[in-house]
$ cat upload_16.pdb   # PDB, C-alpha atoms, pLDDT in the B column
ATOM      1  CA  MET E  45      13.126  -3.753  -1.774  1.00 83.00           C
ATOM      2  CA  LEU E  46      10.819  -6.392  -0.309  1.00 91.00           C
ATOM      3  CA  MET E  47      10.904  -8.574   2.749  1.00 94.00           C
ATOM      4  CA  SER E  48       8.263 -11.177   3.527  1.00 95.00           C
ATOM      5  CA  ILE E  49       7.446 -13.574   6.297  1.00 96.00           C
ATOM      6  CA  LYS E  50       4.834 -16.308   6.598  1.00 96.00           C
ATOM      7  CA  LEU E  51       3.416 -17.081  10.033  1.00 96.00           C
ATOM      8  CA  VAL E  52       0.878 -19.632  11.191  1.00 96.00           C
ATOM      9  CA  VAL E  53      -1.124 -18.199  14.072  1.00 93.00           C
ATOM     10  CA  GLY E  54      -4.237 -19.786  15.546  1.00 91.00           C
ATOM     11  CA  GLY E  55      -5.041 -21.768  12.432  1.00 90.00           C
ATOM     12  CA  PHE E  56      -4.497 -18.817  10.068  1.00 92.00           C
ATOM     13  CA  THR E  57      -1.589 -18.442   7.702  1.00 96.00           C
ATOM     14  CA  LEU E  58      -0.462 -14.819   7.636  1.00 96.00           C
ATOM     15  CA  ASN E  59       1.754 -13.416   4.902  1.00 97.00           C
ATOM     16  CA  ILE E  60       3.342 -10.127   5.866  1.00 96.00           C
ATOM     17  CA  ILE E  61       5.260  -8.145   3.278  1.00 97.00           C
ATOM     18  CA  SER E  62       7.349  -5.091   4.050  1.00 95.00           C
ATOM     19  CA  ALA E  63       7.998  -2.934   0.983  1.00 94.00           C
ATOM     20  CA  TYR E  64      10.226   0.025   0.242  1.00 90.00           C
ATOM     21  CA  ALA E  65       9.493   1.451  -3.197  1.00 87.00           C
ATOM     22  CA  PRO E  66      12.151   3.254  -5.231  1.00 83.00           C
ATOM     23  CA  GLN E  67      12.360   6.971  -4.593  1.00 77.00           C
ATOM     24  CA  ALA E  68      11.010   9.574  -6.994  1.00 71.00           C
ATOM     25  CA  GLY E  69      13.618  10.510  -9.552  1.00 74.00           C
ATOM     26  CA  LEU E  70      15.123   7.033  -9.871  1.00 73.00           C
ATOM     27  CA  ASP E  71      15.253   5.256 -13.199  1.00 82.00           C
ATOM     28  CA  GLU E  72      11.890   4.002 -14.479  1.00 82.00           C
ATOM     29  CA  GLU E  73      13.389   0.529 -14.980  1.00 87.00           C
ATOM     30  CA  VAL E  74      14.117   0.311 -11.232  1.00 86.00           C
ATOM     31  CA  LYS E  75      10.525   1.272 -10.451  1.00 85.00           C
ATOM     32  CA  ARG E  76       9.122  -1.199 -12.991  1.00 88.00           C
ATOM     33  CA  ARG E  77      11.196  -4.010 -11.498  1.00 92.00           C
ATOM     34  CA  PHE E  78       9.964  -3.199  -7.971  1.00 91.00           C
ATOM     35  CA  TRP E  79       6.325  -3.517  -9.091  1.00 90.00           C
ATOM     36  CA  GLU E  80       7.074  -6.737 -10.997  1.00 94.00           C
ATOM     37  CA  VAL E  81       8.670  -8.343  -7.936  1.00 95.00           C
ATOM     38  CA  LEU E  82       5.822  -7.226  -5.662  1.00 95.00           C
ATOM     39  CA  ASP E  83       3.268  -8.482  -8.199  1.00 95.00           C
ATOM     40  CA  GLU E  84       5.026 -11.852  -8.457  1.00 96.00           C
ATOM     41  CA  THR E  85       5.261 -12.164  -4.665  1.00 96.00           C
ATOM     42  CA  VAL E  86       1.552 -11.448  -4.130  1.00 97.00           C
ATOM     43  CA  ARG E  87       0.491 -13.780  -6.950  1.00 96.00           C
ATOM     44  CA  GLY E  88       2.331 -16.581  -5.150  1.00 96.00           C
ATOM     45  CA  ILE E  89       0.172 -16.264  -2.030  1.00 97.00           C
ATOM     46  CA  PRO E  90      -2.972 -18.434  -2.053  1.00 96.00           C
ATOM     47  CA  HIS E  91      -6.264 -16.591  -1.571  1.00 93.00           C
ATOM     48  CA  THR E  92      -6.975 -18.817   1.421  1.00 94.00           C
ATOM     49  CA  GLU E  93      -4.120 -17.144   3.315  1.00 96.00           C
ATOM     50  CA  LYS E  94      -4.153 -13.716   4.955  1.00 96.00           C
ATOM     51  CA  LEU E  95      -2.099 -10.989   3.302  1.00 97.00           C
ATOM     52  CA  PHE E  96      -0.810  -7.746   4.786  1.00 96.00           C
ATOM     53  CA  ILE E  97       1.512  -5.398   2.924  1.00 96.00           C
ATOM     54  CA  GLY E  98       2.992  -2.409   4.644  1.00 92.00           C
ATOM     55  CA  GLY E  99       5.614   0.007   3.587  1.00 90.00           C
ATOM     56  CA  ASP E 100       6.979   3.212   2.210  1.00 86.00           C
ATOM     57  CA  PHE E 101       5.621   3.383  -1.326  1.00 85.00           C
ATOM     58  CA  ASN E 102       6.872   6.875  -2.211  1.00 81.00           C
ATOM     59  CA  GLY E 103       3.505   7.738  -3.722  1.00 80.00           C
ATOM     60  CA  TYR E 104       0.572   9.855  -2.590  1.00 77.00           C
ATOM     61  CA  ILE E 105      -2.975   8.493  -2.760  1.00 79.00           C
ATOM     62  CA  GLY E 106      -4.337  11.837  -1.541  1.00 80.00           C
ATOM     63  CA  THR E 107      -7.770  12.532  -0.114  1.00 83.00           C
ATOM     64  CA  THR E 108      -9.755  12.106  -3.327  1.00 80.00           C
ATOM     65  CA  TYR E 109     -11.084   8.585  -3.710  1.00 78.00           C
ATOM     66  CA  VAL E 110     -13.239   9.037  -6.829  1.00 80.00           C
ATOM     67  CA  GLY E 111     -12.908   5.910  -8.944  1.00 84.00           C
ATOM     68  CA  TYR E 112     -11.278   4.024  -6.081  1.00 86.00           C
ATOM     69  CA  ASP E 113     -13.960   4.240  -3.395  1.00 84.00           C
ATOM     70  CA  ASP E 114     -13.997   0.440  -3.023  1.00 86.00           C
ATOM     71  CA  LEU E 115     -10.414   0.456  -1.706  1.00 84.00           C
ATOM     72  CA  HIS E 116      -9.706   3.993  -0.459  1.00 81.00           C
ATOM     73  CA  ALA E 117     -12.099   5.714   1.948  1.00 81.00           C
ATOM     74  CA  GLY E 118     -10.663   9.198   1.451  1.00 80.00           C
ATOM     75  CA  PHE E 119      -8.760   9.543   4.709  1.00 77.00           C
ATOM     76  CA  GLY E 120      -5.450  10.204   3.001  1.00 79.00           C
ATOM     77  CA  PHE E 121      -3.394  13.381   2.847  1.00 75.00           C
ATOM     78  CA  GLY E 122      -2.792  15.924   0.098  1.00 77.00           C
ATOM     79  CA  ASP E 123      -3.140  15.278  -3.620  1.00 80.00           C
ATOM     80  CA  ARG E 124      -2.688  12.030  -5.528  1.00 79.00           C
ATOM     81  CA  ASN E 125       0.333  11.671  -7.785  1.00 79.00           C
ATOM     82  CA  GLY E 126       1.371   9.067 -10.378  1.00 82.00           C
ATOM     83  CA  GLY E 127       2.869   6.849  -7.699  1.00 81.00           C
ATOM     84  CA  GLY E 128      -0.411   6.988  -5.788  1.00 83.00           C
ATOM     85  CA  THR E 129      -2.329   5.971  -8.887  1.00 86.00           C
ATOM     86  CA  SER E 130       0.042   3.000  -9.272  1.00 87.00           C
ATOM     87  CA  LEU E 131      -0.669   2.039  -5.649  1.00 88.00           C
ATOM     88  CA  LEU E 132      -4.408   2.204  -6.168  1.00 91.00           C
ATOM     89  CA  ASP E 133      -4.225   0.219  -9.417  1.00 92.00           C
ATOM     90  CA  PHE E 134      -2.107  -2.415  -7.653  1.00 93.00           C
ATOM     91  CA  ALA E 135      -4.671  -2.637  -4.842  1.00 93.00           C
ATOM     92  CA  ARG E 136      -7.499  -3.058  -7.353  1.00 94.00           C
ATOM     93  CA  ALA E 137      -5.642  -5.767  -9.277  1.00 94.00           C
ATOM     94  CA  PHE E 138      -5.271  -7.878  -6.127  1.00 95.00           C
ATOM     95  CA  ASP E 139      -8.612  -7.034  -4.474  1.00 94.00           C
ATOM     96  CA  LEU E 140      -6.907  -5.157  -1.629  1.00 95.00           C
ATOM     97  CA  VAL E 141      -7.912  -2.155   0.460  1.00 93.00           C
ATOM     98  CA  ILE E 142      -5.648   0.537   1.829  1.00 89.00           C
ATOM     99  CA  ALA E 143      -6.433   0.012   5.480  1.00 88.00           C
ATOM    100  CA  ASN E 144      -4.917   3.215   6.816  1.00 84.00           C
ATOM    101  CA  SER E 145      -7.094   5.320   4.501  1.00 81.00           C
ATOM    102  CA  SER E 146     -10.221   3.738   5.971  1.00 80.00           C
ATOM    103  CA  PHE E 147     -10.569   5.864   9.099  1.00 76.00           C
ATOM    104  CA  PRO E 148      -9.791   9.434  10.181  1.00 75.00           C
ATOM    105  CA  LYS E 149      -6.575  10.191  12.025  1.00 76.00           C
ATOM    106  CA  LYS E 150      -5.009  13.207  13.657  1.00 78.00           C
ATOM    107  CA  ARG E 151      -2.694  15.113  11.315  1.00 74.00           C
ATOM    108  CA  GLU E 152       0.403  14.078  13.291  1.00 73.00           C
ATOM    109  CA  ASN E 153      -0.558  10.420  12.769  1.00 73.00           C
ATOM    110  CA  LEU E 154      -1.472  10.881   9.111  1.00 70.00           C
ATOM    111  CA  VAL E 155       1.665  12.557   7.793  1.00 74.00           C
ATOM    112  CA  THR E 156       4.447   9.964   7.474  1.00 72.00           C
ATOM    113  CA  PHE E 157       7.222  12.130   6.023  1.00 74.00           C
ATOM    114  CA  ARG E 158       8.173  15.680   6.994  1.00 76.00           C
ATOM    115  CA  SER E 159      10.921  17.939   5.742  1.00 79.00           C
ATOM    116  CA  SER E 160      11.505  21.657   6.045  1.00 82.00           C
ATOM    117  CA  VAL E 161       9.525  22.200   2.819  1.00 80.00           C
ATOM    118  CA  ALA E 162       6.922  19.444   2.648  1.00 76.00           C
ATOM    119  CA  GLU E 163       4.642  17.022   4.484  1.00 72.00           C
ATOM    120  CA  THR E 164       3.394  13.857   2.818  1.00 72.00           C
ATOM    121  CA  GLN E 165       1.838  10.490   3.451  1.00 69.00           C
ATOM    122  CA  ILE E 166       3.872   7.749   1.785  1.00 70.00           C
ATOM    123  CA  ASP E 167       3.396   4.806   4.172  1.00 83.00           C
ATOM    124  CA  TYR E 168       0.426   2.516   3.612  1.00 85.00           C
ATOM    125  CA  LEU E 169      -0.980  -0.756   4.883  1.00 89.00           C
ATOM    126  CA  PHE E 170      -2.834  -3.052   2.484  1.00 93.00           C
ATOM    127  CA  CYS E 171      -4.966  -6.078   3.258  1.00 95.00           C
ATOM    128  CA  ARG E 172      -7.419  -8.205   1.306  1.00 95.00           C
ATOM    129  CA  LYS E 173     -10.938  -6.802   1.136  1.00 92.00           C
ATOM    130  CA  SER E 174     -12.188 -10.002   2.703  1.00 90.00           C
ATOM    131  CA  ASP E 175      -9.978  -9.280   5.749  1.00 89.00           C
ATOM    132  CA  ARG E 176     -10.990  -5.633   6.086  1.00 84.00           C
ATOM    133  CA  ASN E 177     -12.661  -6.299   9.441  1.00 81.00           C
ATOM    134  CA  LEU E 178      -9.415  -7.565  10.960  1.00 75.00           C
TER     135      LEU E 178
END
$ encode --input "upload_16.pdb" --output "C-alpha coordinates"
Amino acid sequence: MLMSIKLVVGGFTLNIISAYAPQAGLDEEVKRRFWEVLDETVRGIPHTEKLFIGGDFNGYIGTTYVGYDDLHAGFGFGDRNGGGTSLLDFARAFDLVIANSSFPKKRENLVTFRSSVAETQIDYLFCRKSDRNL
(Lines of atoms letter the chains of each structure in order from A and count residues from 1; the text may use other names and numbers.)
(Lines give C-alpha, C1' and ligand atoms only; values in the text may rest on other atoms or scores of the structure.)
Protein backbone atom coordinates (compact mmCIF):
# COMPACT_ATOMS: atom_id res chain seq x y z
CA MET A 1 0.00 0.00 0.00
CA LEU A 2 1.35 3.41 -0.98
CA MET A 3 0.28 6.96 -0.35
CA SER A 4 2.07 9.96 -1.82
CA ILE A 5 1.86 13.71 -1.60
CA LYS A 6 3.65 16.46 -3.49
CA LEU A 7 4.31 19.74 -1.71
CA VAL A 8 5.95 22.95 -2.86
CA VAL A 9 7.79 24.54 0.05
CA GLY A 10 10.16 27.48 -0.23
CA GLY A 11 10.92 26.87 -3.88
CA PHE A 12 11.47 23.12 -3.44
CA THR A 13 9.13 20.42 -4.65
CA LEU A 14 8.93 17.65 -2.07
CA ASN A 15 7.56 14.21 -2.86
CA ILE A 16 6.69 12.24 0.25
CA ILE A 17 5.72 8.60 -0.05
CA SER A 18 4.34 6.52 2.78
CA ALA A 19 4.70 2.78 2.18
CA TYR A 20 3.39 -0.32 3.89
CA ALA A 21 4.96 -3.45 2.42
CA PRO A 22 3.15 -6.79 2.43
CA GLN A 23 3.75 -8.89 5.52
CA ALA A 24 6.04 -11.91 5.56
CA GLY A 25 4.15 -15.03 4.59
CA LEU A 26 1.91 -13.35 2.02
CA ASP A 27 1.86 -14.50 -1.58
CA GLU A 28 4.97 -13.62 -3.59
CA GLU A 29 2.77 -12.07 -6.29
CA VAL A 30 1.46 -9.53 -3.75
CA LYS A 31 5.01 -8.63 -2.76
CA ARG A 32 6.14 -8.36 -6.39
CA ARG A 33 3.25 -6.02 -7.18
CA PHE A 34 4.10 -3.78 -4.20
CA TRP A 35 7.68 -3.34 -5.46
CA GLU A 36 6.47 -2.72 -9.02
CA VAL A 37 4.09 0.03 -7.89
CA LEU A 38 6.75 1.65 -5.68
CA ASP A 39 9.27 1.44 -8.53
CA GLU A 40 6.81 3.02 -10.97
CA THR A 41 5.94 5.79 -8.50
CA VAL A 42 9.59 6.70 -7.86
CA ARG A 43 10.46 6.60 -11.57
CA GLY A 44 7.75 9.21 -12.15
CA ILE A 45 9.43 11.75 -9.87
CA PRO A 46 11.92 14.05 -11.62
CA HIS A 47 15.45 14.07 -10.21
CA THR A 48 15.15 17.82 -9.71
CA GLU A 49 12.53 17.22 -7.00
CA LYS A 50 13.14 16.08 -3.43
CA LEU A 51 12.08 12.55 -2.54
CA PHE A 52 11.41 11.06 0.88
CA ILE A 53 10.03 7.56 1.38
CA GLY A 54 9.08 6.35 4.80
CA GLY A 55 7.31 3.28 5.93
CA ASP A 56 6.98 -0.19 7.31
CA PHE A 57 8.85 -2.37 4.84
CA ASN A 58 8.63 -5.66 6.76
CA GLY A 59 12.30 -6.35 6.08
CA TYR A 60 15.45 -6.17 8.17
CA ILE A 61 18.54 -4.39 6.85
CA GLY A 62 20.48 -5.40 9.98
CA THR A 63 23.72 -3.93 11.25
CA THR A 64 26.00 -5.32 8.54
CA TYR A 65 26.48 -2.87 5.70
CA VAL A 66 29.13 -4.73 3.67
CA GLY A 67 28.37 -4.20 0.00
CA TYR A 68 25.92 -1.41 0.80
CA ASP A 69 28.14 1.04 2.67
CA ASP A 70 27.20 3.85 0.25
CA LEU A 71 23.57 3.75 1.43
CA HIS A 72 23.56 2.06 4.86
CA ALA A 73 25.91 3.24 7.61
CA GLY A 74 25.45 0.18 9.81
CA PHE A 75 23.22 1.68 12.48
CA GLY A 76 20.47 -0.86 11.96
CA PHE A 77 19.29 -3.66 14.23
CA GLY A 78 19.74 -7.42 14.12
CA ASP A 79 20.47 -9.47 11.02
CA ARG A 80 19.54 -8.75 7.41
CA ASN A 81 16.90 -10.91 5.77
CA GLY A 82 15.66 -11.25 2.17
CA GLY A 83 13.29 -8.33 2.60
CA GLY A 84 16.18 -6.19 3.83
CA THR A 85 18.24 -7.13 0.79
CA SER A 86 15.30 -6.07 -1.41
CA LEU A 87 15.21 -2.73 0.42
CA LEU A 88 18.91 -2.16 -0.08
CA ASP A 89 18.74 -3.14 -3.76
CA PHE A 90 15.81 -0.74 -4.23
CA ALA A 91 17.79 2.06 -2.58
CA ARG A 92 20.78 1.38 -4.83
CA ALA A 93 18.63 1.35 -7.98
CA PHE A 94 17.29 4.83 -7.22
CA ASP A 95 20.45 6.34 -5.68
CA LEU A 96 18.84 6.58 -2.23
CA VAL A 97 20.22 6.30 1.29
CA ILE A 98 18.49 4.83 4.31
CA ALA A 99 18.57 7.92 6.46
CA ASN A 100 17.69 6.29 9.77
CA SER A 101 20.64 3.89 9.47
CA SER A 102 23.03 6.82 9.18
CA PHE A 103 23.41 7.67 12.87
CA PRO A 104 23.36 5.82 16.20
CA LYS A 105 20.19 5.70 18.25
CA LYS A 106 19.17 4.38 21.63
CA ARG A 107 17.76 0.85 21.48
CA GLU A 108 14.25 2.05 22.35
CA ASN A 109 14.36 4.40 19.34
CA LEU A 110 15.90 1.81 17.02
CA VAL A 111 13.49 -1.09 17.48
CA THR A 112 10.25 -0.35 15.62
CA PHE A 113 8.33 -3.56 16.30
CA ARG A 114 8.13 -5.52 19.56
CA SER A 115 6.23 -8.66 20.45
CA SER A 116 6.53 -11.09 23.32
CA VAL A 117 9.04 -13.13 21.29
CA ALA A 118 10.89 -10.69 19.06
CA GLU A 119 12.22 -7.18 18.49
CA THR A 120 12.90 -5.87 15.00
CA GLN A 121 13.48 -2.76 12.97
CA ILE A 122 11.12 -2.65 10.00
CA ASP A 123 10.50 1.10 9.58
CA TYR A 124 12.88 3.06 7.37
CA LEU A 125 13.25 6.51 5.87
CA PHE A 126 14.83 6.89 2.43
CA CYS A 127 16.03 10.04 0.70
CA ARG A 128 18.16 10.79 -2.34
CA LYS A 129 21.89 10.71 -1.71
CA SER A 130 22.08 14.27 -2.94
CA ASP A 131 19.68 15.28 -0.13
CA ARG A 132 21.48 13.37 2.61
CA ASN A 133 22.42 16.59 4.39
CA LEU A 134 18.77 17.59 4.79
$ atom_distance --input "upload_16.pdb" --atom1 "CA of Asp175 (chain E)" --atom2 "CA of Phe121 (chain E)"
23.8 Å
$ residues_around --input "upload_16.pdb" --residues "region 154-157 of chain E" --least-positions-apart "5" --cutoff "10 Å" --atoms "all atoms listed in the file" --output "PDB file with C-alpha atoms, keeping the file's coordinate frame"
ATOM      1  CA  ASP E 100       6.979   3.212   2.210  1.00 86.00           C
ATOM      2  CA  ASN E 102       6.872   6.875  -2.211  1.00 81.00           C
ATOM      3  CA  PHE E 119      -8.760   9.543   4.709  1.00 77.00           C
ATOM      4  CA  GLY E 120      -5.450  10.204   3.001  1.00 79.00           C
ATOM      5  CA  PHE E 121      -3.394  13.381   2.847  1.00 75.00           C
ATOM      6  CA  GLY E 122      -2.792  15.924   0.098  1.00 77.00           C
ATOM      7  CA  ASN E 144      -4.917   3.215   6.816  1.00 84.00           C
ATOM      8  CA  SER E 145      -7.094   5.320   4.501  1.00 81.00           C
ATOM      9  CA  PRO E 148      -9.791   9.434  10.181  1.00 75.00           C
ATOM     10  CA  LYS E 149      -6.575  10.191  12.025  1.00 76.00           C
ATOM     11  CA  ALA E 162       6.922  19.444   2.648  1.00 76.00           C
ATOM     12  CA  GLU E 163       4.642  17.022   4.484  1.00 72.00           C
ATOM     13  CA  THR E 164       3.394  13.857   2.818  1.00 72.00           C
ATOM     14  CA  GLN E 165       1.838  10.490   3.451  1.00 69.00           C
ATOM     15  CA  ILE E 166       3.872   7.749   1.785  1.00 70.00           C
ATOM     16  CA  ASP E 167       3.396   4.806   4.172  1.00 83.00           C
ATOM     17  CA  TYR E 168       0.426   2.516   3.612  1.00 85.00           C
TER      18      TYR E 168
END
$ resolve_selection --input "upload_16.pdb" --expression "the PyMOL selection byres ((chain E and resi 93) around 8)" --output "PyMOL selection string"
chain E and resi 56-59+89-92+94-95
$ residues_near_point --input "upload_16.pdb" --point "(-10.9, 19.5, -0.6)" --cutoff "10 Å" --atoms "all atoms listed in the file" --output "PDB file with C-alpha atoms, in the frame of the given file"
ATOM      1  CA  THR E 107      -7.770  12.532  -0.114  1.00 83.00           C
ATOM      2  CA  THR E 108      -9.755  12.106  -3.327  1.00 80.00           C
ATOM      3  CA  GLY E 122      -2.792  15.924   0.098  1.00 77.00           C
ATOM      4  CA  ASP E 123      -3.140  15.278  -3.620  1.00 80.00           C
TER       5      ASP E 123
END
$ residues_near_point --input "upload_16.pdb" --point "(11.8, -4.9, 0.2)" --cutoff "9 Å" --atoms "only C-alpha atoms" --output "list in words"
Met45, Leu46, Met47, Ser48, Ile61, Ser62, Ala63, Tyr64, Ala65, Phe78, Leu82 and Gly99 of chain E
$ closest_residue --input "upload_16.pdb" --among "E:Ile97, E:Val110, E:Arg76, E:Gly88" --to "Ile60 (chain E)" --atoms "only C-alpha atoms"
E:Ile97
$ residues_around --input "upload_16.pdb" --residues "Cys171 (chain E)" --least-positions-apart "6" --cutoff "10 Å" --atoms "all atoms listed in the file" --output "ChimeraX atom specification"
/E:60,94-98,115,135,138-144,177-178
$ atom_distance --input "upload_16.pdb" --atom1 "CA of Tyr112 (chain E)" --atom2 "CA of Asp133 (chain E)"
8.7 Å
$ atom_distance --input "upload_16.pdb" --atom1 "CA of Asp114 (chain E)" --atom2 "CA of Arg87 (chain E)"
20.7 Å
$ closest_residue --input "upload_16.pdb" --among "E:Ser160, E:Arg176, E:Glu80, E:Gly111" --to "Arg136 (chain E)" --atoms "all atoms listed in the file"
E:Gly111
$ residues_around --input "upload_16.pdb" --residues "Ala68 (chain E)" --least-positions-apart "4" --cutoff "10 Å" --atoms "only C-alpha atoms" --output "PyMOL selection string"
chain E and resi 72+75+101-103+127
$ axis_aligned_box --input "upload_16.pdb" --around "region 82-99 of chain E" --padding-each-side "3 Å" --output "AutoDock Vina command-line options"
--center_x -0.6 --center_y -9.4 --center_z -1.8 --size_x 18.8 --size_y 24.8 --size_z 19.4
$ closest_residue --input "upload_16.pdb" --among "E:Gly128, E:Thr85, E:Arg151, E:Phe170" --to "Ile49 (chain E)" --atoms "all atoms listed in the file"
E:Thr85
$ residues_around --input "upload_16.pdb" --residues "Thr129 (chain E)" --least-positions-apart "4" --cutoff "9 Å" --atoms "all atoms listed in the file" --output "list in words"
Gly103, Tyr104, Ile105, Arg124, Asn125, Asp133 and Phe134 of chain E
$ closest_residue --input "upload_16.pdb" --among "E:Leu169, E:Phe147, E:Ser159, E:Lys50" --to "Leu132 (chain E)" --atoms "only C-alpha atoms"
E:Leu169
$ build_atoms --input "upload_16.pdb" --residues "region 127-161 of chain E" --atoms "N, CA and C atoms" --output "PDB file, in the coordinates of the input"
ATOM      1  N   GLY E 127       2.554   7.985  -8.570  1.00 81.00           N
ATOM      2  CA  GLY E 127       2.869   6.849  -7.699  1.00 81.00           C
ATOM      3  C   GLY E 127       1.660   6.391  -6.918  1.00 81.00           C
ATOM      4  N   GLY E 128       0.818   7.337  -6.500  1.00 83.00           N
ATOM      5  CA  GLY E 128      -0.411   6.988  -5.788  1.00 83.00           C
ATOM      6  C   GLY E 128      -1.390   6.253  -6.680  1.00 83.00           C
ATOM      7  N   THR E 129      -1.468   6.671  -7.932  1.00 86.00           N
ATOM      8  CA  THR E 129      -2.329   5.971  -8.887  1.00 86.00           C
ATOM      9  C   THR E 129      -1.832   4.543  -9.088  1.00 86.00           C
ATOM     10  N   SER E 130      -0.520   4.362  -9.158  1.00 87.00           N
ATOM     11  CA  SER E 130       0.042   3.000  -9.272  1.00 87.00           C
ATOM     12  C   SER E 130      -0.329   2.156  -8.063  1.00 87.00           C
ATOM     13  N   LEU E 131      -0.281   2.754  -6.873  1.00 88.00           N
ATOM     14  CA  LEU E 131      -0.669   2.039  -5.649  1.00 88.00           C
ATOM     15  C   LEU E 131      -2.124   1.594  -5.713  1.00 88.00           C
ATOM     16  N   LEU E 132      -2.982   2.507  -6.111  1.00 91.00           N
ATOM     17  CA  LEU E 132      -4.408   2.204  -6.168  1.00 91.00           C
ATOM     18  C   LEU E 132      -4.709   1.156  -7.235  1.00 91.00           C
ATOM     19  N   ASP E 133      -4.034   1.229  -8.371  1.00 92.00           N
ATOM     20  CA  ASP E 133      -4.225   0.219  -9.417  1.00 92.00           C
ATOM     21  C   ASP E 133      -3.720  -1.142  -8.952  1.00 92.00           C
ATOM     22  N   PHE E 134      -2.618  -1.163  -8.225  1.00 93.00           N
ATOM     23  CA  PHE E 134      -2.107  -2.415  -7.653  1.00 93.00           C
ATOM     24  C   PHE E 134      -3.128  -3.009  -6.689  1.00 93.00           C
ATOM     25  N   ALA E 135      -3.670  -2.168  -5.808  1.00 93.00           N
ATOM     26  CA  ALA E 135      -4.671  -2.637  -4.842  1.00 93.00           C
ATOM     27  C   ALA E 135      -5.880  -3.222  -5.561  1.00 93.00           C
ATOM     28  N   ARG E 136      -6.345  -2.556  -6.599  1.00 94.00           N
ATOM     29  CA  ARG E 136      -7.499  -3.058  -7.353  1.00 94.00           C
ATOM     30  C   ARG E 136      -7.183  -4.395  -8.013  1.00 94.00           C
ATOM     31  N   ALA E 137      -6.008  -4.536  -8.577  1.00 94.00           N
ATOM     32  CA  ALA E 137      -5.642  -5.767  -9.277  1.00 94.00           C
ATOM     33  C   ALA E 137      -5.653  -6.974  -8.354  1.00 94.00           C
ATOM     34  N   PHE E 138      -5.354  -6.760  -7.072  1.00 95.00           N
ATOM     35  CA  PHE E 138      -5.271  -7.878  -6.127  1.00 95.00           C
ATOM     36  C   PHE E 138      -6.397  -7.878  -5.104  1.00 95.00           C
ATOM     37  N   ASP E 139      -7.435  -7.086  -5.347  1.00 94.00           N
ATOM     38  CA  ASP E 139      -8.612  -7.034  -4.474  1.00 94.00           C
ATOM     39  C   ASP E 139      -8.226  -6.671  -3.039  1.00 94.00           C
ATOM     40  N   LEU E 140      -7.390  -5.621  -2.923  1.00 95.00           N
ATOM     41  CA  LEU E 140      -6.907  -5.157  -1.629  1.00 95.00           C
ATOM     42  C   LEU E 140      -7.569  -3.832  -1.262  1.00 95.00           C
ATOM     43  N   VAL E 141      -7.511  -3.481  -0.002  1.00 93.00           N
ATOM     44  CA  VAL E 141      -7.912  -2.155   0.460  1.00 93.00           C
ATOM     45  C   VAL E 141      -6.693  -1.513   1.122  1.00 93.00           C
ATOM     46  N   ILE E 142      -6.690  -0.199   1.121  1.00 89.00           N
ATOM     47  CA  ILE E 142      -5.648   0.537   1.829  1.00 89.00           C
ATOM     48  C   ILE E 142      -6.212   0.823   3.209  1.00 89.00           C
ATOM     49  N   ALA E 143      -5.819  -0.007   4.152  1.00 88.00           N
ATOM     50  CA  ALA E 143      -6.433   0.012   5.480  1.00 88.00           C
ATOM     51  C   ALA E 143      -6.266   1.343   6.195  1.00 88.00           C
ATOM     52  N   ASN E 144      -5.113   1.972   6.068  1.00 84.00           N
ATOM     53  CA  ASN E 144      -4.917   3.215   6.816  1.00 84.00           C
ATOM     54  C   ASN E 144      -5.537   4.433   6.138  1.00 84.00           C
ATOM     55  N   SER E 145      -6.289   4.229   5.061  1.00 81.00           N
ATOM     56  CA  SER E 145      -7.094   5.320   4.501  1.00 81.00           C
ATOM     57  C   SER E 145      -8.577   5.091   4.805  1.00 81.00           C
ATOM     58  N   SER E 146      -8.845   4.133   5.684  1.00 80.00           N
ATOM     59  CA  SER E 146     -10.221   3.738   5.971  1.00 80.00           C
ATOM     60  C   SER E 146     -10.830   4.412   7.193  1.00 80.00           C
ATOM     61  N   PHE E 147     -10.056   5.213   7.894  1.00 76.00           N
ATOM     62  CA  PHE E 147     -10.569   5.864   9.099  1.00 76.00           C
ATOM     63  C   PHE E 147      -9.817   7.175   9.310  1.00 76.00           C
ATOM     64  N   PRO E 148     -10.462   8.136   9.952  1.00 75.00           N
ATOM     65  CA  PRO E 148      -9.791   9.434  10.181  1.00 75.00           C
ATOM     66  C   PRO E 148      -8.698   9.318  11.241  1.00 75.00           C
ATOM     67  N   LYS E 149      -7.675  10.150  11.080  1.00 76.00           N
ATOM     68  CA  LYS E 149      -6.575  10.191  12.025  1.00 76.00           C
ATOM     69  C   LYS E 149      -6.189  11.644  12.277  1.00 76.00           C
ATOM     70  N   LYS E 150      -5.553  11.887  13.401  1.00 78.00           N
ATOM     71  CA  LYS E 150      -5.009  13.207  13.657  1.00 78.00           C
ATOM     72  C   LYS E 150      -3.903  13.477  12.641  1.00 78.00           C
ATOM     73  N   ARG E 151      -3.704  14.746  12.303  1.00 74.00           N
ATOM     74  CA  ARG E 151      -2.694  15.113  11.315  1.00 74.00           C
ATOM     75  C   ARG E 151      -1.320  14.529  11.650  1.00 74.00           C
ATOM     76  N   GLU E 152      -0.923  14.583  12.916  1.00 73.00           N
ATOM     77  CA  GLU E 152       0.403  14.078  13.291  1.00 73.00           C
ATOM     78  C   GLU E 152       0.529  12.571  13.096  1.00 73.00           C
ATOM     79  N   ASN E 153      -0.579  11.855  13.026  1.00 73.00           N
ATOM     80  CA  ASN E 153      -0.558  10.420  12.769  1.00 73.00           C
ATOM     81  C   ASN E 153      -0.760  10.099  11.294  1.00 73.00           C
ATOM     82  N   LEU E 154      -1.194  11.070  10.534  1.00 70.00           N
ATOM     83  CA  LEU E 154      -1.472  10.881   9.111  1.00 70.00           C
ATOM     84  C   LEU E 154      -0.234  11.132   8.260  1.00 70.00           C
ATOM     85  N   VAL E 155       0.469  12.196   8.543  1.00 74.00           N
ATOM     86  CA  VAL E 155       1.665  12.557   7.793  1.00 74.00           C
ATOM     87  C   VAL E 155       2.790  11.599   8.185  1.00 74.00           C
ATOM     88  N   THR E 156       3.406  10.951   7.174  1.00 72.00           N
ATOM     89  CA  THR E 156       4.447   9.964   7.474  1.00 72.00           C
ATOM     90  C   THR E 156       5.834  10.406   7.021  1.00 72.00           C
ATOM     91  N   PHE E 157       5.921  11.567   6.373  1.00 74.00           N
ATOM     92  CA  PHE E 157       7.222  12.130   6.023  1.00 74.00           C
ATOM     93  C   PHE E 157       7.143  13.644   6.127  1.00 74.00           C
ATOM     94  N   ARG E 158       8.101  14.222   6.847  1.00 76.00           N
ATOM     95  CA  ARG E 158       8.173  15.680   6.994  1.00 76.00           C
ATOM     96  C   ARG E 158       9.570  16.146   6.649  1.00 76.00           C
ATOM     97  N   SER E 159       9.637  17.263   5.955  1.00 79.00           N
ATOM     98  CA  SER E 159      10.921  17.939   5.742  1.00 79.00           C
ATOM     99  C   SER E 159      10.668  19.418   5.992  1.00 79.00           C
ATOM    100  N   SER E 160      11.677  20.223   5.810  1.00 82.00           N
ATOM    101  CA  SER E 160      11.505  21.657   6.045  1.00 82.00           C
ATOM    102  C   SER E 160      10.590  22.308   5.009  1.00 82.00           C
ATOM    103  N   VAL E 161      10.348  21.612   3.879  1.00 80.00           N
ATOM    104  CA  VAL E 161       9.525  22.200   2.819  1.00 80.00           C
ATOM    105  C   VAL E 161       8.250  21.425   2.495  1.00 80.00           C
TER     106      VAL E 161
END
